[in-house]
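Participant: Coordinates in query_31.txt, compact mmCIF, C-alpha atoms (C1' of nucleotides), are listed below.
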# COMPACT_ATOMS: atom_id res chain seq x y z
CA MET A 21 0.00 0.00 0.00
CA ALA A 22 1.58 3.22 -1.13
CA GLY A 23 1.34 5.83 -3.84
CA LYS A 24 -1.24 7.97 -2.11
CA LYS A 25 -1.55 8.42 1.63
CA ALA A 26 -2.76 5.21 3.28
CA PHE A 27 -3.87 7.08 6.39
CA VAL A 28 -5.91 10.10 7.37
CA PRO A 29 -3.52 12.60 8.97
CA ASP A 30 -6.26 14.04 11.11
CA GLN A 31 -7.16 10.63 12.46
CA ALA A 32 -3.54 9.88 13.25
CA LEU A 33 -3.26 13.19 15.06
CA GLN A 34 -6.33 12.34 17.08
CA GLN A 35 -4.84 9.03 18.17
CA ALA A 36 -1.49 10.59 19.00
CA MET A 37 -3.34 13.20 21.01
CA ASP A 38 -5.18 10.51 22.97
CA LEU A 39 -1.88 8.84 23.77
CA PHE A 40 -0.23 12.08 24.91
CA TRP A 41 -3.34 12.86 26.92
CA GLU A 42 -3.15 9.58 28.78
CA ARG A 43 0.59 9.17 29.24
CA GLY A 44 2.08 12.63 28.92
CA TYR A 45 4.86 13.76 26.61
CA GLU A 46 7.76 11.76 28.00
CA GLY A 47 5.52 8.81 28.77
CA ALA A 48 4.49 8.34 25.15
CA SER A 49 7.43 7.14 23.05
CA VAL A 50 7.55 7.49 19.29
CA GLU A 51 7.39 3.72 19.17
CA ASP A 52 4.11 3.80 21.11
CA ILE A 53 2.71 6.45 18.80
CA LEU A 54 3.66 4.38 15.77
CA THR A 55 1.87 1.35 17.17
CA SER A 56 -1.17 3.35 18.24
CA THR A 57 -1.58 5.24 14.99
CA GLY A 58 -0.55 2.29 12.85
CA LEU A 59 1.63 4.37 10.55
CA GLY A 60 5.31 3.95 9.79
CA ARG A 61 8.22 6.00 11.03
CA GLY A 62 8.81 7.78 7.75
CA SER A 63 5.16 8.74 7.41
CA LEU A 64 5.02 10.23 10.86
CA TYR A 65 8.16 12.30 10.45
CA ALA A 66 7.17 13.38 6.94
CA THR A 67 3.69 14.43 8.04
CA PHE A 68 4.28 16.04 11.41
CA GLY A 69 7.97 16.88 11.58
CA ASP A 70 9.21 15.49 14.86
CA LYS A 71 7.74 14.36 18.17
CA HIS A 72 7.70 17.83 19.63
CA ALA A 73 5.89 19.32 16.64
CA LEU A 74 3.38 16.49 16.78
CA TYR A 75 2.78 17.26 20.43
CA LEU A 76 2.20 20.93 19.70
CA ALA A 77 -0.23 19.97 16.95
CA ALA A 78 -2.07 17.77 19.42
CA LEU A 79 -2.22 20.65 21.91
CA ASP A 80 -3.59 22.97 19.26
CA ARG A 81 -6.21 20.49 18.23
CA TYR A 82 -7.28 19.90 21.81
CA GLY A 83 -7.25 23.56 22.77
CA GLY A 84 -9.25 24.56 19.74
CA GLY A 85 -11.95 22.04 20.47
CA ALA A 86 -12.13 22.86 24.16
CA LEU A 87 -12.48 26.59 23.62
CA GLU A 88 -15.02 26.09 20.89
CA GLN A 89 -17.10 24.08 23.33
CA MET A 90 -16.82 26.72 26.02
CA ARG A 91 -17.87 29.42 23.59
CA ALA A 92 -20.84 27.30 22.54
CA PHE A 93 -22.04 27.45 26.14
CA LEU A 94 -21.38 31.15 26.32
CA ASP A 95 -23.51 31.84 23.26
CA GLN A 96 -26.43 29.92 24.70
CA PRO A 97 -29.42 32.04 25.66
CA GLY A 98 -30.61 31.94 29.22
CA SER A 99 -29.46 33.30 32.54
CA PRO A 100 -25.70 33.61 32.87
CA ARG A 101 -25.87 31.76 36.16
CA ALA A 102 -27.62 28.83 34.48
CA VAL A 103 -25.06 28.84 31.69
CA LEU A 104 -22.26 28.72 34.24
CA GLU A 105 -23.95 25.80 35.93
CA GLU A 106 -24.40 23.89 32.71
CA LEU A 107 -20.83 24.51 31.69
CA PHE A 108 -19.55 23.00 34.92
CA ARG A 109 -22.00 20.11 34.89
CA TYR A 110 -20.90 19.26 31.38
CA SER A 111 -17.27 19.44 32.45
CA VAL A 112 -17.84 17.18 35.44
CA ASP A 113 -19.66 14.69 33.25
CA ALA A 114 -16.83 14.56 30.76
CA LEU A 115 -14.15 14.22 33.42
CA ALA A 116 -15.92 11.71 35.65
CA GLY A 117 -17.08 9.74 32.64
CA ASP A 118 -13.57 9.12 31.36
CA PRO A 119 -12.57 5.64 32.53
CA ALA A 120 -8.89 6.43 31.83
CA HIS A 121 -8.98 9.45 34.18
CA ARG A 122 -6.93 11.50 31.80
CA GLY A 123 -7.98 14.86 33.15
CA CYS A 124 -7.20 17.69 30.73
CA LEU A 125 -4.44 17.54 28.13
CA LEU A 126 -3.66 21.24 28.51
CA VAL A 127 -3.39 21.12 32.29
CA ASN A 128 -1.29 17.96 32.07
CA ALA A 129 0.97 19.56 29.47
CA HIS A 130 1.29 22.64 31.60
CA VAL A 131 2.32 20.84 34.78
CA GLU A 132 4.69 18.48 32.98
CA LEU A 133 6.35 20.77 30.46
CA ALA A 134 5.32 24.41 30.49
CA PRO A 135 8.01 25.62 32.91
CA HIS A 136 10.78 24.52 30.55
CA ASP A 137 9.13 24.44 27.14
CA PRO A 138 8.33 27.91 25.76
CA ASP A 139 6.14 26.56 22.94
CA VAL A 140 3.99 24.58 25.34
CA PHE A 141 3.94 27.45 27.80
CA ALA A 142 2.65 29.87 25.17
CA ARG A 143 -0.18 27.55 24.19
CA VAL A 144 -1.26 26.81 27.74
CA GLN A 145 -1.06 30.46 28.68
CA ALA A 146 -3.23 31.38 25.69
CA ALA A 147 -5.79 28.72 26.56
CA TYR A 148 -5.99 29.85 30.18
CA ARG A 149 -6.38 33.45 29.12
CA ALA A 150 -9.11 32.57 26.63
CA ALA A 151 -10.98 30.59 29.26
CA GLU A 152 -10.70 33.44 31.71
CA GLU A 153 -12.08 35.86 29.12
CA ILE A 154 -15.05 33.59 28.50
CA PHE A 155 -15.82 33.53 32.20
CA PHE A 156 -15.29 37.28 32.34
CA ALA A 157 -17.77 37.94 29.55
CA LEU A 158 -20.29 35.65 31.22
CA LEU A 159 -19.88 37.39 34.57
CA VAL A 160 -20.28 40.83 33.05
CA ARG A 161 -23.55 39.60 31.60
CA ALA A 162 -24.47 38.17 34.96
CA GLN A 163 -23.82 41.50 36.61
CA ALA A 164 -25.96 43.27 34.04
CA ALA A 165 -28.73 40.75 34.70
CA GLY A 166 -28.48 41.35 38.42
CA GLU A 167 -27.14 37.88 39.11
CA LEU A 168 -23.82 39.18 40.39
CA ALA A 169 -23.62 41.86 43.03
CA GLU A 170 -22.69 45.33 41.75
CA GLU A 171 -19.72 45.58 44.09
CA SER A 172 -18.28 42.25 42.90
CA ASP A 173 -15.34 42.29 40.49
CA PRO A 174 -16.02 40.19 37.37
CA ARG A 175 -12.28 39.85 36.77
CA GLN A 176 -11.72 38.40 40.22
CA PHE A 177 -14.60 35.99 39.80
CA ALA A 178 -13.44 34.98 36.33
CA ARG A 179 -10.06 34.03 37.76
CA PHE A 180 -11.77 32.10 40.51
CA PHE A 181 -13.84 30.07 38.08
CA LEU A 182 -10.78 29.42 35.95
CA GLY A 183 -9.20 28.04 39.11
CA THR A 184 -12.27 25.91 39.73
CA LEU A 185 -12.10 24.56 36.19
CA VAL A 186 -8.44 23.68 36.65
CA SER A 187 -8.98 22.08 40.03
CA ILE A 188 -11.62 19.62 38.88
CA ARG A 189 -9.40 18.68 35.95
CA VAL A 190 -6.54 17.87 38.27
CA LEU A 191 -8.73 16.06 40.79
CA ALA A 192 -10.20 14.00 37.97
CA ARG A 193 -6.73 12.79 37.01
CA ALA A 194 -6.29 11.72 40.63
CA LYS A 195 -9.26 9.39 40.07
CA ALA A 196 -11.44 11.43 42.39
CA GLU A 197 -15.02 10.16 42.55
CA ARG A 198 -17.69 12.06 40.73
CA VAL A 199 -19.19 13.30 43.97
CA VAL A 200 -15.94 15.08 44.83
CA LEU A 201 -16.01 17.01 41.56
CA GLU A 202 -19.67 17.81 42.13
CA ASP A 203 -18.99 19.07 45.64
CA VAL A 204 -16.25 21.34 44.35
CA VAL A 205 -18.45 22.74 41.59
CA ASN A 206 -21.55 23.13 43.73
CA THR A 207 -19.61 24.98 46.39
CA ALA A 208 -17.90 27.22 43.87
CA LEU A 209 -21.23 28.16 42.37
CA LEU A 210 -22.40 29.39 45.79
CA VAL A 211 -20.37 32.56 45.31
CA VAL A 212 -22.82 33.72 42.63
CA ARG A 213 -25.91 32.95 44.66
CA MET B 186 37.79 11.81 50.71
CA ALA B 187 36.26 8.56 51.81
CA GLY B 188 36.11 6.16 54.72
CA LYS B 189 33.14 7.83 56.35
CA LYS B 190 30.32 9.53 54.50
CA ALA B 191 31.49 12.75 52.90
CA PHE B 192 27.92 14.02 52.58
CA VAL B 193 24.79 14.44 54.66
CA PRO B 194 22.13 12.10 53.24
CA ASP B 195 19.35 14.38 54.37
CA GLN B 196 20.92 17.32 52.60
CA ALA B 197 21.37 15.33 49.41
CA LEU B 198 17.72 14.26 49.59
CA GLN B 199 16.71 17.89 49.95
CA GLN B 200 18.64 18.86 46.85
CA ALA B 201 17.30 15.93 44.84
CA MET B 202 13.81 16.94 45.96
CA ASP B 203 14.37 20.48 44.75
CA LEU B 204 15.45 19.17 41.37
CA PHE B 205 12.47 16.84 41.02
CA TRP B 206 10.24 19.66 42.15
CA GLU B 207 11.48 21.95 39.44
CA ARG B 208 11.90 19.55 36.53
CA GLY B 209 9.68 16.58 37.31
CA TYR B 210 10.66 12.93 37.41
CA GLU B 211 11.57 12.35 33.76
CA GLY B 212 13.04 15.82 33.45
CA ALA B 213 15.65 15.23 36.14
CA SER B 214 18.24 12.70 35.00
CA VAL B 215 20.44 10.79 37.41
CA GLU B 216 23.34 12.72 35.93
CA ASP B 217 21.64 15.98 36.89
CA ILE B 218 21.00 14.73 40.40
CA LEU B 219 24.64 13.71 40.75
CA THR B 220 25.79 17.16 39.71
CA SER B 221 23.27 18.93 41.89
CA THR B 222 23.91 16.89 45.02
CA GLY B 223 27.63 16.64 44.37
CA LEU B 224 27.81 12.98 45.29
CA GLY B 225 29.06 10.07 43.19
CA ARG B 226 27.09 7.39 41.43
CA GLY B 227 28.01 4.67 43.89
CA SER B 228 27.05 6.80 46.87
CA LEU B 229 23.64 7.66 45.47
CA TYR B 230 22.71 4.09 44.64
CA ALA B 231 24.08 2.79 47.94
CA THR B 232 22.19 5.38 49.95
CA PHE B 233 18.84 5.62 48.20
CA GLY B 234 18.50 2.51 46.07
CA ASP B 235 17.53 3.68 42.61
CA LYS B 236 16.06 6.77 41.01
CA HIS B 237 12.48 5.73 41.66
CA ALA B 238 13.13 5.05 45.34
CA LEU B 239 14.87 8.39 45.64
CA TYR B 240 11.84 10.07 44.11
CA LEU B 241 9.51 8.38 46.55
CA ALA B 242 11.75 9.45 49.43
CA ALA B 243 11.59 13.01 48.12
CA LEU B 244 7.79 12.79 47.95
CA ASP B 245 7.62 11.50 51.50
CA ARG B 246 9.86 14.23 52.76
CA TYR B 247 7.84 16.90 50.98
CA GLY B 248 4.47 15.49 51.98
CA GLY B 249 5.47 15.14 55.60
CA GLY B 250 6.59 18.74 55.80
CA ALA B 251 3.56 20.09 54.01
CA LEU B 252 1.07 18.28 56.19
CA GLU B 253 2.95 19.21 59.32
CA GLN B 254 2.65 22.83 58.30
CA MET B 255 -1.06 22.51 57.61
CA ARG B 256 -1.61 20.89 60.98
CA ALA B 257 0.33 23.68 62.65
CA PHE B 258 -2.24 26.10 61.27
CA LEU B 259 -5.08 23.86 62.35
CA ASP B 260 -3.84 23.75 65.94
CA GLN B 261 -3.64 27.52 66.12
CA PRO B 262 -6.18 29.11 68.42
CA GLY B 263 -8.54 31.66 66.97
CA SER B 264 -11.61 31.59 64.79
CA PRO B 265 -11.64 28.77 62.22
CA ARG B 266 -12.41 31.28 59.52
CA ALA B 267 -9.31 33.30 60.42
CA VAL B 268 -7.22 30.13 60.46
CA LEU B 269 -8.49 29.23 57.01
CA GLU B 270 -7.60 32.67 55.78
CA GLU B 271 -4.10 32.55 57.23
CA LEU B 272 -3.51 29.12 55.77
CA PHE B 273 -4.36 30.32 52.29
CA ARG B 274 -2.44 33.58 52.63
CA TYR B 275 0.61 31.62 53.70
CA SER B 276 0.17 29.30 50.74
CA VAL B 277 -0.15 32.16 48.26
CA ASP B 278 2.94 33.79 49.72
CA ALA B 279 4.98 30.63 49.34
CA LEU B 280 3.79 29.96 45.80
CA ALA B 281 4.02 33.51 44.47
CA GLY B 282 7.35 34.02 46.21
CA ASP B 283 9.03 31.14 44.42
CA PRO B 284 10.98 32.60 41.50
CA ALA B 285 11.25 29.16 39.89
CA HIS B 286 7.44 28.77 39.83
CA ARG B 287 7.68 25.15 40.87
CA GLY B 288 4.14 24.89 42.21
CA CYS B 289 3.69 21.85 44.44
CA LEU B 290 5.81 18.71 44.19
CA LEU B 291 2.86 16.47 45.09
CA VAL B 292 0.53 17.99 42.52
CA ASN B 293 3.26 17.87 39.88
CA ALA B 294 4.01 14.25 40.72
CA HIS B 295 0.34 13.43 40.57
CA VAL B 296 -0.26 14.92 37.13
CA GLU B 297 2.94 13.52 35.65
CA LEU B 298 3.06 10.04 37.15
CA ALA B 299 0.20 9.05 39.41
CA PRO B 300 -1.98 7.50 36.69
CA HIS B 301 0.69 4.95 35.84
CA ASP B 302 2.77 4.70 38.98
CA PRO B 303 1.00 2.96 41.88
CA ASP B 304 3.60 4.04 44.44
CA VAL B 305 3.29 7.69 43.51
CA PHE B 306 -0.48 7.39 43.29
CA ALA B 307 -0.72 5.99 46.82
CA ARG B 308 1.35 8.83 48.26
CA VAL B 309 -0.52 11.58 46.45
CA GLN B 310 -3.86 10.04 47.34
CA ALA B 311 -2.84 9.89 50.99
CA ALA B 312 -1.69 13.51 50.96
CA TYR B 313 -4.92 14.71 49.38
CA ARG B 314 -6.97 12.74 51.85
CA ALA B 315 -4.99 14.11 54.78
CA ALA B 316 -5.41 17.67 53.52
CA GLU B 317 -9.14 17.12 53.08
CA GLU B 318 -9.40 15.82 56.63
CA ILE B 319 -7.61 18.88 57.96
CA PHE B 320 -10.08 21.12 56.16
CA PHE B 321 -12.93 18.94 57.37
CA ALA B 322 -11.88 19.23 61.00
CA LEU B 323 -11.52 22.98 60.63
CA LEU B 324 -14.95 23.30 59.05
CA VAL B 325 -16.59 21.23 61.77
CA ARG B 326 -15.08 23.63 64.26
CA ALA B 327 -16.31 26.52 62.16
CA GLN B 328 -19.80 25.12 62.20
CA ALA B 329 -19.70 24.71 65.96
CA ALA B 330 -18.53 28.31 66.25
CA GLY B 331 -21.40 29.47 64.06
CA GLU B 332 -19.07 30.50 61.24
CA LEU B 333 -20.54 27.95 58.85
CA ALA B 334 -24.27 27.63 58.30
CA GLU B 335 -25.90 24.66 60.00
CA GLU B 336 -27.29 23.34 56.73
CA SER B 337 -23.89 23.39 55.03
CA ASP B 338 -22.01 20.11 54.63
CA PRO B 339 -18.48 20.29 56.05
CA ARG B 340 -17.41 17.38 53.84
CA GLN B 341 -18.50 19.19 50.70
CA PHE B 342 -16.75 22.37 51.78
CA ALA B 343 -13.59 20.45 52.71
CA ARG B 344 -13.46 19.05 49.20
CA PHE B 345 -13.98 22.49 47.78
CA PHE B 346 -11.09 23.96 49.74
CA LEU B 347 -8.89 21.06 48.76
CA GLY B 348 -9.74 21.93 45.18
CA THR B 349 -8.88 25.56 45.86
CA LEU B 350 -5.54 24.54 47.34
CA VAL B 351 -4.80 22.44 44.27
CA SER B 352 -5.86 25.12 41.84
CA ILE B 353 -3.55 27.82 43.19
CA ARG B 354 -0.69 25.31 43.12
CA VAL B 355 -1.30 24.59 39.47
CA LEU B 356 -1.81 28.24 38.55
CA ALA B 357 1.41 29.12 40.33
CA ARG B 358 3.32 26.67 38.14
CA ALA B 359 1.79 28.46 35.14
CA LYS B 360 3.59 31.59 36.38
CA ALA B 361 0.32 33.26 37.27
CA GLU B 362 0.78 36.62 38.96
CA ARG B 363 0.25 36.90 42.68
CA VAL B 364 -2.96 38.84 42.19
CA VAL B 365 -4.50 35.90 40.34
CA LEU B 366 -3.83 33.57 43.24
CA GLU B 367 -5.18 36.18 45.64
CA ASP B 368 -8.35 36.58 43.59
CA VAL B 369 -8.92 32.83 43.60
CA VAL B 370 -8.40 32.58 47.35
CA ASN B 371 -10.43 35.66 48.22
CA THR B 372 -13.34 34.47 46.15
CA ALA B 373 -13.18 30.97 47.56
CA LEU B 374 -13.27 32.35 51.09
CA LEU B 375 -16.54 34.10 50.27
CA VAL B 376 -18.38 30.81 50.65
CA VAL B 377 -17.79 30.89 54.40
CA ARG B 378 -18.92 34.46 54.83
C1' DT C 44 0.43 -0.81 -20.51
C1' DC C 45 4.04 1.92 -18.65
C1' DA C 46 6.59 5.27 -16.36
C1' DA C 47 6.80 8.63 -12.77
C1' DT C 48 5.46 10.07 -8.30
C1' DG C 49 5.79 9.82 -3.59
C1' DC C 50 4.28 7.10 0.40
C1' DT C 51 5.68 3.08 3.23
C1' DT C 52 8.71 0.14 5.48
C1' DG C 53 12.27 -1.37 8.42
C1' DA C 54 17.01 -1.35 9.14
C1' DC C 55 20.38 1.84 10.89
C1' DT C 56 22.63 5.60 13.70
C1' DA C 57 23.87 8.13 17.44
C1' DA C 58 22.78 9.85 21.69
C1' DT C 59 21.05 9.28 26.24
C1' DC C 60 19.14 6.72 29.78
C1' DA C 61 19.44 4.15 34.45
C1' DT C 62 22.23 0.92 36.57
C1' DT C 63 26.25 -2.16 37.83
C1' DC C 64 30.80 -2.83 39.09
C1' DC C 65 35.44 -2.25 40.50
C1' DA C 66 39.86 -0.23 41.45
C1' DA C 67 41.61 3.43 44.17
C1' DG C 68 41.77 6.03 48.17
C1' DA C 69 40.70 7.86 52.73
C1' DT C 70 39.33 7.17 57.40
C1' DA C 71 38.88 4.91 62.05
C1' DG C 72 40.10 1.72 65.46
C1' DT C 73 43.81 -0.89 67.38
C1' DA D 134 51.86 2.45 61.86
C1' DC D 135 48.87 -0.95 60.05
C1' DT D 136 44.78 -3.12 58.68
C1' DA D 137 40.03 -3.50 57.93
C1' DT D 138 36.16 -1.01 56.22
C1' DC D 139 33.65 1.90 53.72
C1' DT D 140 33.04 5.73 50.31
C1' DT D 141 34.11 7.35 45.98
C1' DG D 142 34.11 8.34 41.03
C1' DG D 143 34.61 6.81 36.61
C1' DA D 144 34.45 3.16 33.23
C1' DA D 145 31.48 -0.17 31.23
C1' DT D 146 26.83 -2.15 30.17
C1' DG D 147 22.64 -2.80 27.99
C1' DA D 148 18.35 -1.01 27.15
C1' DT D 149 15.76 2.62 25.09
C1' DT D 150 15.42 6.88 23.01
C1' DA D 151 14.44 10.10 18.80
C1' DG D 152 15.49 10.66 14.30
C1' DT D 153 17.54 9.39 9.38
C1' DC D 154 17.65 7.13 5.10
C1' DA D 155 17.45 4.29 1.12
C1' DA D 156 15.16 0.69 -1.26
C1' DG D 157 10.67 -1.00 -2.70
C1' DC D 158 6.09 -0.74 -4.33
C1' DA D 159 1.22 0.77 -5.10
C1' DT D 160 -1.22 4.25 -7.33
C1' DT D 161 -1.95 7.73 -10.72
C1' DG D 162 -2.00 9.86 -15.23
C1' DA D 163 -0.88 9.28 -19.95
Represent the structure of the file as structure tokens.

Facilitator:
Amino acid sequence: MAGKKAFVPDQALQQAMDLFWERGYEGASVEDILTSTGLGRGSLYATFGDKHALYLAALDRYGGGALEQMRAFLDQPGSPRAVLEELFRYSVDALAGDPAHRGCLLVNAHVELAPHDPDVFARVQAAYRAAEEIFFALLVRAQAAGELAEESDPRQFARFFLGTLVSIRVLARAKAERVVLEDVVNTALLVVR
Amino acid sequence: MAGKKAFVPDQALQQAMDLFWERGYEGASVEDILTSTGLGRGSLYATFGDKHALYLAALDRYGGGALEQMRAFLDQPGSPRAVLEELFRYSVDALAGDPAHRGCLLVNAHVELAPHDPDVFARVQAAYRAAEEIFFALLVRAQAAGELAEESDPRQFARFFLGTLVSIRVLARAKAERVVLEDVVNTALLVVR
DNA sequence: TCAATGCTTGACTAATCATTCCAAGATAGT
DNA sequence: ACTATCTTGGAATGATTAGTCAAGCATTGA
């Protein structure tokens, strides 16, 4: 089999991403990726460059999807408070429903590599900032709708909810039970009640 | 120089711990540890076993110190709410004051290794549980002192504060500014006001 | 049918990894 | 001063790593 590509690059990227997600950057060897994606060495290096570039591509793919999903919630009609609730419930479902307890690829990447890998750092930083801005926009709306006290600072609350989002992602990787994630979220949501 | 130990094992462990803390398990090679601690190959293997055992020893040392510190706060007299505040302020100070932005060794270990390393997993799990229990005890006291509503569940709140503790540790490793950590903590503390 | 394109395959390289081992040397007790 | 004991540091080992490369072959277009 040769002549034209015998694999779908996007599919291979997805599988590589899953592997990085589960095992981390150092934990997933090129050999593992080859086995998992089913493609040969030459194909991988010709398509994605090297391991590091492949990892960055996986991060981009993941980050893009995650932010898109968050924005989909943001654009939903309805009370900002309800949107916030739904966003967190959805997140808890996804995290607790993952039998591999992978947590979040971006958070994992950040803890493992960001301090010493500028490329990874830039991507994680951008993702965090984008998430914070989404929360910020939502909280401004909430304040306008009277669901957040006038004297409260939307920026401060946005940072807090970003922290909440991060914390459940980390706890999920520690195989925390669903009820733990729910307790964290339910308590966090009290601050806008 | 030989005959009797030319190094203090506890000091070497401290330096190895610092290196693991900053670079992670895979990121710190035995060569690096040798350079950093200043001791020879033979000495390291004779004293600590192998790299993995050394890492576990570093985790134990770190975890022991961290929990001791938390318990010191717990045993302080004064209103539970004030104790909670002090505990978080101290934590923010330590995290934001670290120029290397290392975050928390236990959290880092957990994200990098816990899913595939049973020994690491057990230690992290134990540390999380211990921290949760400390929060729980504090919140029970708070409830008795009328600082936490009767209908509130101390277990739920303990989990929430554990999540808060984790989140600022992760954000600190992302080189978040001090004000971000303060916003997270200040907002979290609102739930007991 | 045939040639050209370019993807696939697997062997190969070179570097790095953790770990073992031993010869050399320094100390402590007698 | 001498010997036994233990530490030391570097050489050697073998496994594993990421990355390269050339030979082969299926597909495509004529």

Participant: For a quick test of understanding: name the residues of chain D lying within 12 Å of chain B when counting only C-alpha atoms (C1' of nucleotides), and present them as a PyMOL selection string.

Facilitator: chain D and resi 137-144

Participant: Restricted to C-alpha atoms (C1' of nucleotides), what would the selected residues look like written as a compact mmCIF listing (two decimals), in the coordinates of the input?

Facilitator:
# COMPACT_ATOMS: atom_id res chain seq x y z
C1' DA D 137 40.03 -3.50 57.93
C1' DT D 138 36.16 -1.01 56.22
C1' DC D 139 33.65 1.90 53.72
C1' DT D 140 33.04 5.73 50.31
C1' DT D 141 34.11 7.35 45.98
C1' DG D 142 34.11 8.34 41.03
C1' DG D 143 34.61 6.81 36.61
C1' DA D 144 34.45 3.16 33.23

Participant: Give me the residues within 7 Å of segment 327-342 of chain B as an NGL selection string, counting all atoms listed in the file and dropping any in the same chain fewer than 4 places off.

Facilitator: (:A and (203 or 207)) or (:B and (265-266 or 321 or 323 or 346 or 377))

Participant: Wanna dump the chain C-chain B contacts at 12 Å for me, each residue with its shortest atom pair and the distance in Å to one decimal, counting only C-alpha atoms (C1' of nucleotides), ordered by chain and number, as CSV?

Facilitator:
residue,atom,partner,partner_atom,distance
C:DT59,C1',B:Ser214,CA,9.8
C:DC60,C1',B:Ser214,CA,8.0
C:DA61,C1',B:Val215,CA,7.3
C:DT62,C1',B:Asp235,CA,8.1
C:DT63,C1',B:Gly227,CA,9.3
C:DC64,C1',B:Gly227,CA,9.3
C:DC65,C1',B:Gly227,CA,10.7
C:DA67,C1',B:Ala187,CA,10.6
C:DG68,C1',B:Ala187,CA,7.1
C:DA69,C1',B:Ala187,CA,4.6
C:DT70,C1',B:Gly188,CA,4.3
C:DA71,C1',B:Gly188,CA,7.9

Participant: For chain B, which residue out of A:Gly58, A:Pro29, A:Gly83, A:Gly44 is the nearest one, using all atoms listed in the file?

Facilitator: A:Gly44

Participant: Residues within 12 Å of segment 73-81 of chain A, please, as a PyMOL selection string. Count all atoms listed in the file; anything in the same chain fewer than 3 positions from it doesn't count.

Facilitator: chain A and resi 29-41+44-46+48-50+53+64-70+84-88+124-130+133-134+137-147

Participant: Go ahead and compute the interatomic distance for atom C1' of DT56 of chain C and atom C1' of DG152 of chain D, in Å to one decimal.

Facilitator: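 Separation between atom C1' of DT56 of chain C and atom C1' of DG152 of chain D: 8.8 Å.
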
Participant: Can you tell me which residues surround Ala196 of chain A at a distance of at most 12 Å, considering all atoms listed in the file, apart from same-chain residues fewer than 2 positions away, and format the answer as an NGL selection string?

Facilitator: (:A and (112 or 115-123 or 187-194 or 198-204)) or (:B and (300 or 306 or 309-310 or 313-314 or 344 or 347-348))

Participant: Please report the interatomic distance between atom CA of Ala373 of chain B and atom CA of Leu209 of chain A in Å with one decimal.

Facilitator: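 The value is 10.0 Å.
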
Participant: Give the answer as one residue: which of A:Arg91, A:Val103, A:Leu54, A:Arg43 has the shortest atom-to-atom distance to chain B, using all atoms listed in the file?

Facilitator: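 With all atoms listed in the file as the atom set, the closest residue is A:Arg43.
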
Participant: Between atom CA of Asp260 of chain B and atom CA of Glu318 of chain B, what is the distance in Å, rounded to a tenth?

Facilitator: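 If I compute the distance from atom CA of Asp260 of chain B to atom CA of Glu318 of chain B, I get 13.4 Å.
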